[in-house]
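Below you'll find the structure, written out as structure tokens, and then a few comments.
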Amino acid sequence: MRLNSTKLLLVGAFALTASFSFAQVVEPTDSTKVEQGEGNVSLGETLIIGKGVIDVSENRKTPVASTVITREQILDKGVGNVEFPELLKNSPSIYIADQASGFGDAKMYMRGFDQSNTAFLLNGQPINGMDNGSLYWSNWQSVSDIANVIDSQRGLGSSKLAISSVGGTVNIVTKATDKKEGGFVRYFAGNDSYQKQTIGYNTGMKGKWGASFMFDNWSAHRSFARGTEGKGQSYFVSVGYKPSERHTFNFMIFGAPQEHGQNYSKPMETKYRNIKVNGETKTIIATPGYDITGRIGNSNYGFYNGEALNSKTNYYHKPVANLNWDFTINDKMSLSTVVYASAGTGGGTTILGNGAGYTLDGFTSNGDINWDVLAAKNKELKDGISNGNNGTVLASSVNNHFWYGGVSNFTFDTKKGLTLNLGTDIRFYTGEHYQQLNNLLGAKGRAASNAQREKDFYVTKTYNSNPWNTLFNKASRDERVGFDNSERINYQGLFGQAEYSNELFSVFFQGALSWQEYEKYDNWNYTAEKAEKAGVKFKNGKAYSGEHTQIGYNLKAGASLNIDKENSIFVNAGKYSRQPYLNNIFVRNTVNYIDTGINNEILQSIEAGYRYKSRTLRVNVNAYYTEWDNRSMTYNGDNFVDINGVNHNSVRFIATGLSEVHKGIEADFEAKVTRNWTVTGYASTGDWKYKGKYDLQVQDTDTQEIVPIDEDMPHEMNSHVGNAAQFTFGMGTRFNVTKGLSFDTNFNYYARLYENVDLIEAIDPLYVNVPISPFATVDLGMSYKFKITNSQSIKFRGNVNNLFNDQYISRKDNYGYFWGNGRTWNAGLTYNF
């Protein structure tokens with residue numbers, strides 16, 4: 001990307017600021033301090049609850065590569081229309097993409113690994129999906145408002161749980177019941193009519209009891225691109241109980257029901273298809289090119305009967321509750337436990353049938369879907385019934401789950417340098433996945449035929465895509481279309497740690513052992529005969545996978561040496577044998593195994609680092625090397641021709657046995673130039689590649705069947721890992737002008753960002769996935785706070801992100817590329833009382 005003169009001046013100013021900061025630092029700073037109320041307290045002191053099950057880097061004597069986001073930074077940078085992962089973007093080896101896809105659709109990559117391979121914890125509770133490891137930030141809208149601190153640990157991390165994340169661990173520690181009475185009212189506005197109203201109140205501890213509450217409501221006609229309308233609410237309740245100095249209890253419930261339109265990747269070129277119209281072959285646009293929709297366009301979007309309609313609308317409600325209990329047994333022993341439950345309901349809408357690309361005028365001149373034309377085509381259907389690729393209707397792919405579990409950790413501190421931990425991690429998960437109709441677009445019904453059903457029939461009932469409605473109103477078995485399957489996952493883990501430290505050095509060793517059981521059901525109306533014919537088991541009127549169990553383990557060790565009070569070095573190493581996710585064991589929406597010989601994923605990693613920490617300056621330098629073998633990867637595609645010459649409109653590519661190598665160096669610093677001037681910076685460079693052979697299968701997502709391909713085709717890959725920038729650089733500064741008034745700015749630059757690997761093209765030994773153009777962004781912020789009385793204050797906060805409105809591509813998948821957000825802004829007032 002070519003930087004204009006203004007940006008070059010800004011970058012130069014940052015560089016001068018950095019060089020000046022190392023020579024002129026005069027005031028103390030402590031990177032482990034966290035702003036909370038009017039004073040600074042240590043990160044450990046903010047952990048009023050869950051001290052033993054919430055693993056934070058400050059508690060580790062042997063260092064790890066980590067970044068701590070304080071409460072003050074969260075409230076300044078992470079509220080309003082900002083995606084939660086963007087709070088972490090000013091950190092080395094972290095890349096955020098897809099902000100323009102819609103509210104809550106941002107994706108975070110850590111050292112090149114995606115969110116499904118980064119562990120996210122909420123007060124010690126794992127929140128990654130049990131079946132595929134995914135995490136959707138739309139389910140966690142407003143989590144920034146309740147987060148007290150975010151501890152982001154890259155690589156091996158300090159987690160003692162039986163989890164074995166690949167990229168790292170992100171601990172989100174929420175507010176506990178506040179000890180002081182008070183509250184706040186806040187209003188935020190932003191670009192594209194964004195509005196958010198929030199109210200919170202703390203009762204304070206009244207004797208042994210106390211409670212905190214927060215509620216908000218938000219809406220916008222779009223996030224950035226057209227068709228990305230969003231709205232939702234959030235609620236948070238925390239109740240604390242402290243019967244004695246030895247026992248502390250805290251119950252929390254948090255939910256964020258929402259619905260929002262989505263904007264997917266833009267095709268790199270216009271695709272055409274030949275169809276017959278009245279016996280005559282005509283060429284039509286199957287997929288419009290990016291030049292039609294434009295930067296803020298959306299090929300999922302259009303108007304139906306004069307009202308906006310998006311074919312891709314996500315709606316979900318995922319309330320989560322947890323109960324923390326901290327028990328101080330004596331001055332050497334303590335027990336910390338969290339039990340939790342989560343119930344998720346909702347899904348995402350999609351097109352069944354032909355869609356806009358199968359008719360000459362299915363898209364308007366600017367790339368919008370012409371819904372009225374598709375509805376008119378539906379009136380020509382035989383008996384008014386959409387079937388297969390005939391007609392167009394909207395349906396929801398529903399994903400409901402219920403999940404409960406607990407984590408418990410016993411700590412024994414010998415008071416002689418040795419600390420021992422022993423704990424358990426237990427989870428129980430059930431999920432169901434099916435399709436239900438949302439909008440028939442003038443058709444009378446949709447055929448729900450399937451090869452395994454006893455009979456074919458059609459469905460006429462439609463359901464609203466409302467997150468509250470999903471709690472009570474869902475399709476019964478005979479009202480489902482497309483697919484209908486369910487799953488059960490049980491997980492039990494044991495973990496332990498020993499750490500010894502003195503003034504000179506520290507060493508630690510961790511180990512974990514886990515069992516994971518999987519079961520899968522296909523809920524279509526099977527008979528025993530049809531199940532036998534399909535080659536699957538039969539149980540309770542359903543096709544059944546049988547119970548499958550896999551055992552995994554984690555081993556981690558490390559050591560650090562304190563050269564003097566300011567300088568230290570460390571090294572950590574680990575090996576994981578990780579059970580594959582359920583979605584990497586079974587062919588999607590079936591009970592068939594992808595591979596009958598299922599092996600664990602094997603991860604080996606080593607990292608080393610240097611730390612410099614004084615009262616005025618903090619510097620970190622880390623180097624890492626990670627191998628990941630026997631991993632799986634899936635993604636969707638279209639228009640695949642099998643070995644028999646049959647074209648499949650929609651397919652899923654399934655790769656197994658993949659290997660990756662990630663290695664790199666990262667550095668960051670924080671300096672206090674004067675009492676009122678702070679400067680930060682970071683840089684990272686990585687070399688992340690796939691290597692070796694892999695196995696490939698292709699599934700037709702309409703019939704759910706595996707299609708025939710050339711099995712003798714060589715499957716070997718030596719390509720770059722895509723979707724995350726392998727070089728990052730950034731600098732930031734904050735200046736307190738007067739008491740209560742401050743300005744801050746951040747510059748971020750990303751390069752060596754490769755497009756996603758195409759598994760079909762990668763068969764060619766000459767295939768290389770090409771890099772996307774580098775880009776840079778600048779963000780500005782301003783805060784002003786003044787006191788009314790000792791207990792009342794008003795704070796103004798404003799942010800402008802991507803100040804220069806840079807146009808850039810944030811990543812490219814196998815359908816096309818994603819534009820990044822242009823210039824966005826938010827501003828708000830908070831009244832504290």
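Quick note on naming: the chains in the structure tokens go A, B, ... in the order shown, residues restart at 1 in each chain, and ligands are numbered from 1 in order of appearance.
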
**OP:** List every residue of range 627-816 of chain A that DSSP, applied to the backbone of this structure, assigns to strand (DSSP E), and report them as a PyMOL selection string.
**Re:** chain A and resi 627-641+647-674+677-691+695-700+725-738+741-754+771-772+775-787+793-801+809-812

Expected file contents, prior selection, C-alpha atoms, as a compact mmCIF listing (two decimals), in the first residue's frame:
# COMPACT_ATOMS: atom_id res chain seq x y z
CA GLU A 627 4.28 -27.78 14.71
CA TRP A 628 0.69 -28.94 14.25
CA ASP A 629 0.16 -32.36 12.66
CA ASN A 630 -2.90 -34.37 11.65
CA ARG A 631 -5.19 -31.36 11.65
CA SER A 632 -8.42 -31.01 9.66
CA MET A 633 -9.80 -28.17 7.56
CA THR A 634 -13.19 -27.68 5.88
CA TYR A 635 -14.66 -24.94 3.75
CA ASN A 636 -17.56 -24.58 1.32
CA GLY A 637 -17.46 -24.11 -2.43
CA ASP A 638 -19.67 -24.26 -5.49
CA ASN A 639 -19.85 -25.70 -9.02
CA PHE A 640 -17.64 -28.73 -8.40
CA VAL A 641 -17.51 -31.34 -11.17
CA ASN A 647 -21.77 -30.79 -11.49
CA HIS A 648 -22.55 -30.16 -7.82
CA ASN A 649 -23.91 -26.69 -7.11
CA SER A 650 -22.85 -26.52 -3.45
CA VAL A 651 -20.10 -28.61 -1.87
CA ARG A 652 -17.96 -28.86 1.23
CA PHE A 653 -14.24 -29.68 0.90
CA ILE A 654 -12.90 -31.83 3.74
CA ALA A 655 -9.13 -32.10 4.22
CA THR A 656 -7.58 -34.35 6.87
CA GLY A 657 -4.01 -35.18 7.83
CA LEU A 658 -2.77 -31.62 7.25
CA SER A 659 0.42 -30.33 8.86
CA GLU A 660 1.44 -26.76 9.66
CA VAL A 661 4.57 -25.06 10.95
CA HIS A 662 4.37 -21.64 12.61
CA LYS A 663 7.50 -19.78 13.69
CA GLY A 664 8.18 -16.15 14.41
CA ILE A 665 9.51 -13.31 16.54
CA GLU A 666 7.48 -10.64 18.33
CA ALA A 667 8.28 -7.60 20.46
CA ASP A 668 6.41 -4.89 22.32
CA PHE A 669 7.19 -2.01 24.66
CA GLU A 670 5.50 0.51 26.93
CA ALA A 671 7.20 3.66 28.14
CA LYS A 672 6.28 6.69 30.24
CA VAL A 673 7.80 9.74 28.60
CA THR A 674 6.48 12.16 31.21
CA TRP A 677 2.66 11.01 28.17
CA THR A 678 2.71 7.26 27.47
CA VAL A 679 4.06 5.58 24.33
CA THR A 680 3.54 1.96 23.25
CA GLY A 681 4.65 -0.09 20.27
CA TYR A 682 4.84 -3.59 18.89
CA ALA A 683 6.14 -5.57 15.91
CA SER A 684 5.97 -9.23 14.84
CA THR A 685 7.08 -11.31 11.91
CA GLY A 686 6.09 -14.90 11.24
CA ASP A 687 6.63 -17.70 8.77
CA TRP A 688 3.50 -19.88 8.76
CA LYS A 689 3.18 -22.67 6.20
CA TYR A 690 1.34 -25.89 5.42
CA LYS A 691 3.55 -28.84 4.60
CA ASP A 695 -6.43 -36.52 2.32
CA LEU A 696 -9.34 -34.86 0.53
CA GLN A 697 -13.08 -35.61 0.39
CA VAL A 698 -15.89 -33.58 -1.19
CA GLN A 699 -19.46 -33.51 0.20
CA ASP A 700 -22.56 -32.33 -1.68
CA ALA A 725 -1.01 -11.04 8.46
CA GLN A 726 2.41 -12.58 9.00
CA PHE A 727 4.01 -9.17 9.56
CA THR A 728 2.47 -6.60 11.91
CA PHE A 729 3.70 -3.29 13.25
CA GLY A 730 2.05 -0.67 15.40
CA MET A 731 2.63 2.29 17.65
CA GLY A 732 0.40 4.26 19.99
CA THR A 733 0.52 7.20 22.30
CA ARG A 734 -1.66 8.71 25.00
CA PHE A 735 -1.31 12.25 26.30
CA ASN A 736 -3.12 13.72 29.30
CA VAL A 737 -3.55 17.39 28.44
CA THR A 738 -5.10 18.47 31.71
CA LEU A 741 -8.74 15.48 29.35
CA SER A 742 -6.69 13.05 27.25
CA PHE A 743 -6.01 12.18 23.61
CA ASP A 744 -4.77 8.87 22.21
CA THR A 745 -3.90 7.51 18.78
CA ASN A 746 -2.80 4.18 17.29
CA PHE A 747 -1.12 3.31 14.00
CA ASN A 748 -1.29 -0.30 12.71
CA TYR A 749 0.38 -1.78 9.63
CA TYR A 750 -0.19 -5.29 8.21
CA ALA A 751 1.69 -7.15 5.47
CA ARG A 752 2.34 -10.67 4.14
CA LEU A 753 -1.37 -11.43 4.40
CA TYR A 754 -2.05 -14.42 2.15
CA PRO A 771 -0.40 -12.23 -0.76
CA ILE A 772 -3.00 -9.50 -0.44
CA PHE A 775 -2.42 -1.81 4.44
CA ALA A 776 -2.29 0.59 7.37
CA THR A 777 -4.91 2.28 9.54
CA VAL A 778 -4.89 5.11 12.05
CA ASP A 779 -7.32 5.42 15.00
CA LEU A 780 -7.91 8.47 17.18
CA GLY A 781 -9.61 8.86 20.56
CA MET A 782 -10.44 11.58 23.08
CA SER A 783 -11.71 11.44 26.66
CA TYR A 784 -12.91 14.16 28.99
CA LYS A 785 -14.12 13.53 32.52
CA PHE A 786 -15.15 16.02 35.16
CA LYS A 787 -16.51 15.61 38.65
CA SER A 793 -19.12 12.57 37.39
CA ILE A 794 -19.67 12.85 33.64
CA LYS A 795 -17.33 11.37 31.05
CA PHE A 796 -17.26 12.00 27.31
CA ARG A 797 -15.50 9.56 25.01
CA GLY A 798 -15.12 9.74 21.23
CA ASN A 799 -13.32 7.48 18.74
CA VAL A 800 -12.57 7.66 15.02
CA ASN A 801 -11.32 4.41 13.52
CA ILE A 809 -8.95 -6.12 1.74
CA SER A 810 -8.92 -7.78 5.14
CA ARG A 811 -8.82 -11.37 3.86
CA LYS A 812 -9.81 -13.63 0.94

Original post:
Taking only C-alpha atoms into account, which of A:Trp140, A:Tyr429, A:Tyr301, A:Phe213 comes nearest Thr198 in chain A?
Top reply: A:Phe213

Original post:
Would you give me, as a list in words, the residues in range 346-388 of chain A that DSSP reads as helix (DSSP H, G or I)?
Top reply: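 So, restricting range 346-388 of chain A to helix (DSSP H, G or I), we get Ala356, Gly357, Tyr358, Trp371, Asp372, Val373, Leu374, Ala375, Ala376, Lys377, Asn378, Lys382, Asp383 and Gly384 of chain A.
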
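Reported to one decimal place, the separation of CA of Asn263 in chain A from CA of Asn300 in chain A is 6.7 Å.
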
Subject >> Selection: 7 Å around range 339-352 of chain A, only C-alpha atoms, excl. self and same-chain fewer than 3 positions, as a PyMOL selection string >> reply: chain A and resi 311-324+355+392-407+467+470-471

Print the selection's residues with N, CA, C and O atoms to a file, as a CSV table (one decimal), in the first residue's frame.
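Output file result_34.csv is given in full below:
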chain,number,residue,atom,x,y,z
A,311,SER,N,-30.6,-12.3,2.6
A,311,SER,CA,-30.7,-13.7,2.6
A,311,SER,C,-29.8,-14.3,3.7
A,311,SER,O,-30.0,-15.5,4.1
A,312,LYS,N,-28.9,-13.5,4.3
A,312,LYS,CA,-28.0,-14.0,5.4
A,312,LYS,C,-28.2,-13.1,6.6
A,312,LYS,O,-27.6,-12.1,6.8
A,313,THR,N,-29.1,-13.6,7.5
A,313,THR,CA,-29.4,-12.9,8.7
A,313,THR,C,-29.1,-13.9,9.9
A,313,THR,O,-29.6,-15.0,9.9
A,314,ASN,N,-28.2,-13.4,10.8
A,314,ASN,CA,-27.9,-14.2,12.0
A,314,ASN,C,-28.7,-13.8,13.1
A,314,ASN,O,-28.9,-12.6,13.4
A,315,TYR,N,-29.3,-14.7,13.9
A,315,TYR,CA,-30.0,-14.4,15.1
A,315,TYR,C,-29.7,-15.4,16.2
A,315,TYR,O,-29.7,-16.6,15.9
A,316,TYR,N,-29.5,-15.0,17.4
A,316,TYR,CA,-29.1,-15.9,18.4
A,316,TYR,C,-29.3,-15.4,19.8
A,316,TYR,O,-29.2,-14.1,20.0
A,317,HIS,N,-29.5,-16.3,20.7
A,317,HIS,CA,-29.6,-15.9,22.1
A,317,HIS,C,-28.9,-17.0,22.9
A,317,HIS,O,-29.3,-18.2,22.9
A,318,LYS,N,-27.8,-16.6,23.6
A,318,LYS,CA,-27.0,-17.6,24.3
A,318,LYS,C,-26.8,-17.1,25.8
A,318,LYS,O,-25.7,-16.6,26.1
A,319,PRO,N,-27.8,-17.2,26.6
A,319,PRO,CA,-27.6,-16.8,28.0
A,319,PRO,C,-26.6,-17.8,28.7
A,319,PRO,O,-26.6,-19.0,28.4
A,320,VAL,N,-25.7,-17.2,29.5
A,320,VAL,CA,-24.7,-18.1,30.2
A,320,VAL,C,-24.8,-17.7,31.7
A,320,VAL,O,-24.9,-16.5,32.1
A,321,ALA,N,-24.7,-18.7,32.6
A,321,ALA,CA,-24.7,-18.5,34.0
A,321,ALA,C,-23.5,-19.2,34.6
A,321,ALA,O,-23.2,-20.3,34.2
A,322,ASN,N,-22.9,-18.6,35.6
A,322,ASN,CA,-21.9,-19.4,36.3
A,322,ASN,C,-21.9,-18.9,37.8
A,322,ASN,O,-22.3,-17.8,38.2
A,323,LEU,N,-21.5,-19.9,38.6
A,323,LEU,CA,-21.4,-19.7,40.1
A,323,LEU,C,-20.0,-20.0,40.5
A,323,LEU,O,-19.5,-21.1,40.3
A,324,ASN,N,-19.3,-19.0,41.1
A,324,ASN,CA,-18.0,-19.1,41.6
A,324,ASN,C,-18.0,-19.3,43.1
A,324,ASN,O,-18.7,-18.5,43.8
A,355,GLY,N,-32.0,-19.6,-6.2
A,355,GLY,CA,-31.3,-18.3,-5.9
A,355,GLY,C,-31.3,-17.4,-7.0
A,355,GLY,O,-31.8,-17.6,-8.1
A,392,THR,N,-37.2,-20.6,-5.1
A,392,THR,CA,-36.3,-20.0,-4.2
A,392,THR,C,-37.1,-19.6,-2.9
A,392,THR,O,-38.1,-18.9,-2.9
A,393,VAL,N,-36.6,-20.1,-1.7
A,393,VAL,CA,-37.2,-19.8,-0.4
A,393,VAL,C,-36.1,-19.5,0.5
A,393,VAL,O,-34.9,-19.9,0.3
A,394,LEU,N,-36.4,-18.9,1.7
A,394,LEU,CA,-35.4,-18.7,2.7
A,394,LEU,C,-35.7,-19.6,3.9
A,394,LEU,O,-36.8,-19.8,4.3
A,395,ALA,N,-34.6,-20.2,4.4
A,395,ALA,CA,-34.7,-21.1,5.5
A,395,ALA,C,-33.6,-20.7,6.5
A,395,ALA,O,-32.6,-20.1,6.2
A,396,SER,N,-33.8,-21.2,7.8
A,396,SER,CA,-32.7,-21.0,8.8
A,396,SER,C,-32.0,-22.3,9.1
A,396,SER,O,-32.7,-23.3,9.2
A,397,SER,N,-30.7,-22.2,9.1
A,397,SER,CA,-29.9,-23.4,9.6
A,397,SER,C,-29.8,-23.2,11.1
A,397,SER,O,-29.1,-22.3,11.6
A,398,VAL,N,-30.6,-23.9,11.9
A,398,VAL,CA,-30.7,-23.8,13.3
A,398,VAL,C,-29.6,-24.5,14.0
A,398,VAL,O,-29.3,-25.7,13.7
A,399,ASN,N,-29.0,-23.9,15.0
A,399,ASN,CA,-28.0,-24.6,15.9
A,399,ASN,C,-28.3,-24.3,17.3
A,399,ASN,O,-28.0,-23.2,17.9
A,400,ASN,N,-29.0,-25.2,18.0
A,400,ASN,CA,-29.3,-25.1,19.4
A,400,ASN,C,-28.4,-26.0,20.2
A,400,ASN,O,-28.0,-27.1,19.8
A,401,HIS,N,-28.1,-25.6,21.4
A,401,HIS,CA,-27.3,-26.4,22.3
A,401,HIS,C,-27.7,-26.2,23.8
A,401,HIS,O,-28.2,-25.1,24.1
A,402,PHE,N,-27.3,-27.1,24.6
A,402,PHE,CA,-27.3,-27.0,26.0
A,402,PHE,C,-26.0,-27.5,26.6
A,402,PHE,O,-25.6,-28.7,26.2
A,403,TRP,N,-25.4,-26.8,27.4
A,403,TRP,CA,-24.0,-27.1,27.8
A,403,TRP,C,-23.9,-26.7,29.3
A,403,TRP,O,-24.2,-25.6,29.7
A,404,TYR,N,-23.4,-27.7,30.1
A,404,TYR,CA,-23.1,-27.4,31.5
A,404,TYR,C,-21.8,-28.1,31.9
A,404,TYR,O,-21.4,-29.1,31.3
A,405,GLY,N,-21.2,-27.6,33.0
A,405,GLY,CA,-20.0,-28.2,33.4
A,405,GLY,C,-19.4,-27.5,34.6
A,405,GLY,O,-20.1,-26.7,35.3
A,406,GLY,N,-18.2,-27.8,34.9
A,406,GLY,CA,-17.5,-27.2,36.1
A,406,GLY,C,-16.0,-27.3,36.0
A,406,GLY,O,-15.5,-28.3,35.4
A,407,VAL,N,-15.3,-26.4,36.6
A,407,VAL,CA,-13.9,-26.4,36.8
A,407,VAL,C,-13.6,-26.2,38.2
A,407,VAL,O,-14.1,-25.3,38.9
A,467,PRO,N,-34.4,-13.5,18.0
A,467,PRO,CA,-33.7,-14.3,19.0
A,467,PRO,C,-34.5,-14.6,20.2
A,467,PRO,O,-34.3,-15.7,20.9
A,470,THR,N,-36.9,-17.7,19.4
A,470,THR,CA,-36.3,-19.0,19.3
A,470,THR,C,-36.4,-19.8,20.6
A,470,THR,O,-36.2,-21.0,20.6
A,471,LEU,N,-36.5,-19.1,21.7
A,471,LEU,CA,-36.6,-19.7,23.0
A,471,LEU,C,-37.8,-20.6,23.1
A,471,LEU,O,-37.8,-21.7,23.8

**OP:** For Ile763 in chain A, list every protein, DNA or RNA residue within 12 Å, evaluated using only C-alpha atoms, and leave out those in the same chain fewer than 6 positions away; present the list as number ranges by chain.
**Re:** A: 655, 692-696, 710-719, 757

Given the selection you just returned, output its residues as a file containing all heavy atoms, formatted as a short mmCIF file (atom, residue, chain, number, x, y, z; two decimals), in the first residue's frame.
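Produced file part_35.cif, reproduced below:
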data_model
loop_
_atom_site.label_atom_id
_atom_site.label_comp_id
_atom_site.auth_asym_id
_atom_site.auth_seq_id
_atom_site.Cartn_x
_atom_site.Cartn_y
_atom_site.Cartn_z
N ALA A 655 -10.54 -31.68 4.25
CA ALA A 655 -9.13 -32.10 4.22
C ALA A 655 -8.74 -32.63 5.58
O ALA A 655 -9.06 -32.03 6.61
CB ALA A 655 -8.23 -30.94 3.82
N GLY A 692 3.53 -30.97 3.44
CA GLY A 692 3.27 -32.39 3.30
C GLY A 692 1.95 -32.76 2.66
O GLY A 692 1.23 -31.94 2.09
N LYS A 693 1.62 -34.05 2.78
CA LYS A 693 0.44 -34.62 2.12
C LYS A 693 -0.80 -34.50 3.00
O LYS A 693 -0.71 -34.33 4.21
CB LYS A 693 0.70 -36.08 1.78
CG LYS A 693 1.84 -36.30 0.79
CD LYS A 693 2.03 -37.78 0.47
CE LYS A 693 3.15 -37.97 -0.53
NZ LYS A 693 3.36 -39.42 -0.86
N TYR A 694 -1.96 -34.61 2.35
CA TYR A 694 -3.23 -34.60 3.07
C TYR A 694 -4.25 -35.41 2.28
O TYR A 694 -4.07 -35.69 1.09
CB TYR A 694 -3.74 -33.17 3.28
CG TYR A 694 -4.05 -32.41 2.02
CD1 TYR A 694 -5.36 -32.34 1.53
CD2 TYR A 694 -3.05 -31.74 1.31
CE1 TYR A 694 -5.66 -31.65 0.38
CE2 TYR A 694 -3.35 -31.05 0.15
CZ TYR A 694 -4.64 -30.99 -0.31
OH TYR A 694 -4.93 -30.30 -1.46
N ASP A 695 -5.33 -35.79 2.95
CA ASP A 695 -6.43 -36.52 2.32
C ASP A 695 -7.58 -35.56 2.06
O ASP A 695 -7.86 -34.67 2.88
CB ASP A 695 -6.90 -37.67 3.21
CG ASP A 695 -5.81 -38.72 3.42
OD1 ASP A 695 -5.13 -39.06 2.43
OD2 ASP A 695 -5.63 -39.18 4.57
N LEU A 696 -8.28 -35.78 0.93
CA LEU A 696 -9.34 -34.86 0.53
C LEU A 696 -10.62 -35.62 0.21
O LEU A 696 -10.60 -36.65 -0.46
CB LEU A 696 -8.91 -34.06 -0.70
CG LEU A 696 -9.93 -33.07 -1.27
CD1 LEU A 696 -10.18 -31.93 -0.29
CD2 LEU A 696 -9.46 -32.51 -2.61
N ASP A 710 -11.16 -38.19 -8.02
CA ASP A 710 -10.02 -39.00 -8.45
C ASP A 710 -9.13 -39.28 -7.24
O ASP A 710 -8.43 -38.39 -6.76
CB ASP A 710 -9.24 -38.25 -9.53
CG ASP A 710 -8.10 -39.10 -10.11
OD1 ASP A 710 -7.89 -40.23 -9.61
OD2 ASP A 710 -7.44 -38.64 -11.05
N GLU A 711 -9.18 -40.51 -6.72
CA GLU A 711 -8.43 -40.84 -5.52
C GLU A 711 -6.93 -40.92 -5.77
O GLU A 711 -6.14 -40.91 -4.83
CB GLU A 711 -8.93 -42.17 -4.94
CG GLU A 711 -10.38 -42.10 -4.47
CD GLU A 711 -10.84 -43.41 -3.86
OE1 GLU A 711 -10.04 -44.35 -3.85
OE2 GLU A 711 -12.00 -43.46 -3.39
N ASP A 712 -6.53 -41.04 -7.03
CA ASP A 712 -5.11 -41.09 -7.35
C ASP A 712 -4.50 -39.70 -7.50
O ASP A 712 -3.29 -39.56 -7.71
CB ASP A 712 -4.88 -41.88 -8.65
CG ASP A 712 -5.27 -43.34 -8.50
OD1 ASP A 712 -5.11 -43.87 -7.38
OD2 ASP A 712 -5.74 -43.95 -9.48
N MET A 713 -5.35 -38.70 -7.39
CA MET A 713 -4.89 -37.33 -7.51
C MET A 713 -3.94 -37.02 -6.35
O MET A 713 -4.27 -37.27 -5.20
CB MET A 713 -6.11 -36.40 -7.47
CG MET A 713 -5.93 -35.11 -8.21
SD MET A 713 -7.52 -34.28 -8.53
CE MET A 713 -8.49 -34.64 -7.09
N PRO A 714 -2.73 -36.48 -6.61
CA PRO A 714 -1.82 -36.18 -5.50
C PRO A 714 -2.33 -35.01 -4.66
O PRO A 714 -2.75 -33.99 -5.19
CB PRO A 714 -0.51 -35.81 -6.21
CG PRO A 714 -0.95 -35.31 -7.56
CD PRO A 714 -2.18 -36.10 -7.92
N HIS A 715 -2.33 -35.20 -3.35
CA HIS A 715 -2.74 -34.14 -2.44
C HIS A 715 -1.54 -33.78 -1.58
O HIS A 715 -1.27 -34.43 -0.57
CB HIS A 715 -3.91 -34.60 -1.56
CG HIS A 715 -5.09 -35.08 -2.34
ND1 HIS A 715 -5.88 -36.14 -1.93
CD2 HIS A 715 -5.61 -34.64 -3.51
CE1 HIS A 715 -6.83 -36.34 -2.83
NE2 HIS A 715 -6.69 -35.44 -3.78
N GLU A 716 -0.82 -32.78 -1.98
CA GLU A 716 0.35 -32.35 -1.24
C GLU A 716 0.42 -30.83 -1.30
O GLU A 716 0.11 -30.23 -2.33
CB GLU A 716 1.62 -32.97 -1.82
CG GLU A 716 2.84 -32.74 -0.94
CD GLU A 716 3.99 -33.69 -1.30
OE1 GLU A 716 3.81 -34.55 -2.18
OE2 GLU A 716 5.05 -33.56 -0.68
N MET A 717 0.78 -30.21 -0.20
CA MET A 717 0.71 -28.76 -0.13
C MET A 717 1.96 -28.20 0.51
O MET A 717 2.47 -28.71 1.49
CB MET A 717 -0.54 -28.36 0.65
CG MET A 717 -0.80 -26.87 0.68
SD MET A 717 -2.53 -26.46 0.99
CE MET A 717 -2.93 -27.57 2.33
N ASN A 718 2.41 -27.09 -0.06
CA ASN A 718 3.53 -26.34 0.51
C ASN A 718 3.22 -24.86 0.33
O ASN A 718 3.91 -24.15 -0.38
CB ASN A 718 4.84 -26.72 -0.17
CG ASN A 718 6.05 -26.07 0.51
OD1 ASN A 718 6.00 -25.74 1.69
ND2 ASN A 718 7.11 -25.86 -0.24
N SER A 719 2.15 -24.42 0.98
CA SER A 719 1.65 -23.06 0.79
C SER A 719 1.65 -22.31 2.11
O SER A 719 1.75 -22.88 3.19
CB SER A 719 0.22 -23.10 0.23
OG SER A 719 0.17 -23.84 -0.97
N VAL A 757 -5.97 -20.85 1.32
CA VAL A 757 -5.54 -21.91 0.41
C VAL A 757 -6.74 -22.56 -0.26
O VAL A 757 -7.74 -22.87 0.40
CB VAL A 757 -4.72 -22.97 1.16
CG1 VAL A 757 -4.52 -24.22 0.32
CG2 VAL A 757 -3.38 -22.40 1.57
#

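Interatomic distance, CA of Ala623 in chain A to CA of Asn572 in chain A: 10.5 Å.
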
Subject >> Residue contacts of range 579-593 of chain A (8 Å, only C-alpha atoms) excluding same-chain residues fewer than 4 positions away, as a list in words >> reply: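 Listed by chain and then number, they are Met130, Asp131, Asn132, Gly133, His433, Phe483, Asp484, Asn485, Gln516, Tyr518, Lys520, Tyr521, Asp522, Val536, Ala543, Tyr544, Ser545, Gln550, Ile551, Gly552, Ile598, Asn599, Asn600, Glu601, Arg631, Ser632, Met633, Gln699 and Gln704 of chain A.
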
Subject >> Residue nearest Ser116 in chain A - candidates A:Trp819, A:Phe457, A:Tyr136, A:Tyr95, atoms counted: only C-alpha atoms >> reply: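 Ranking A:Trp819, A:Phe457, A:Tyr136, A:Tyr95 by distance to Ser116 in chain A, first place goes to A:Tyr136.
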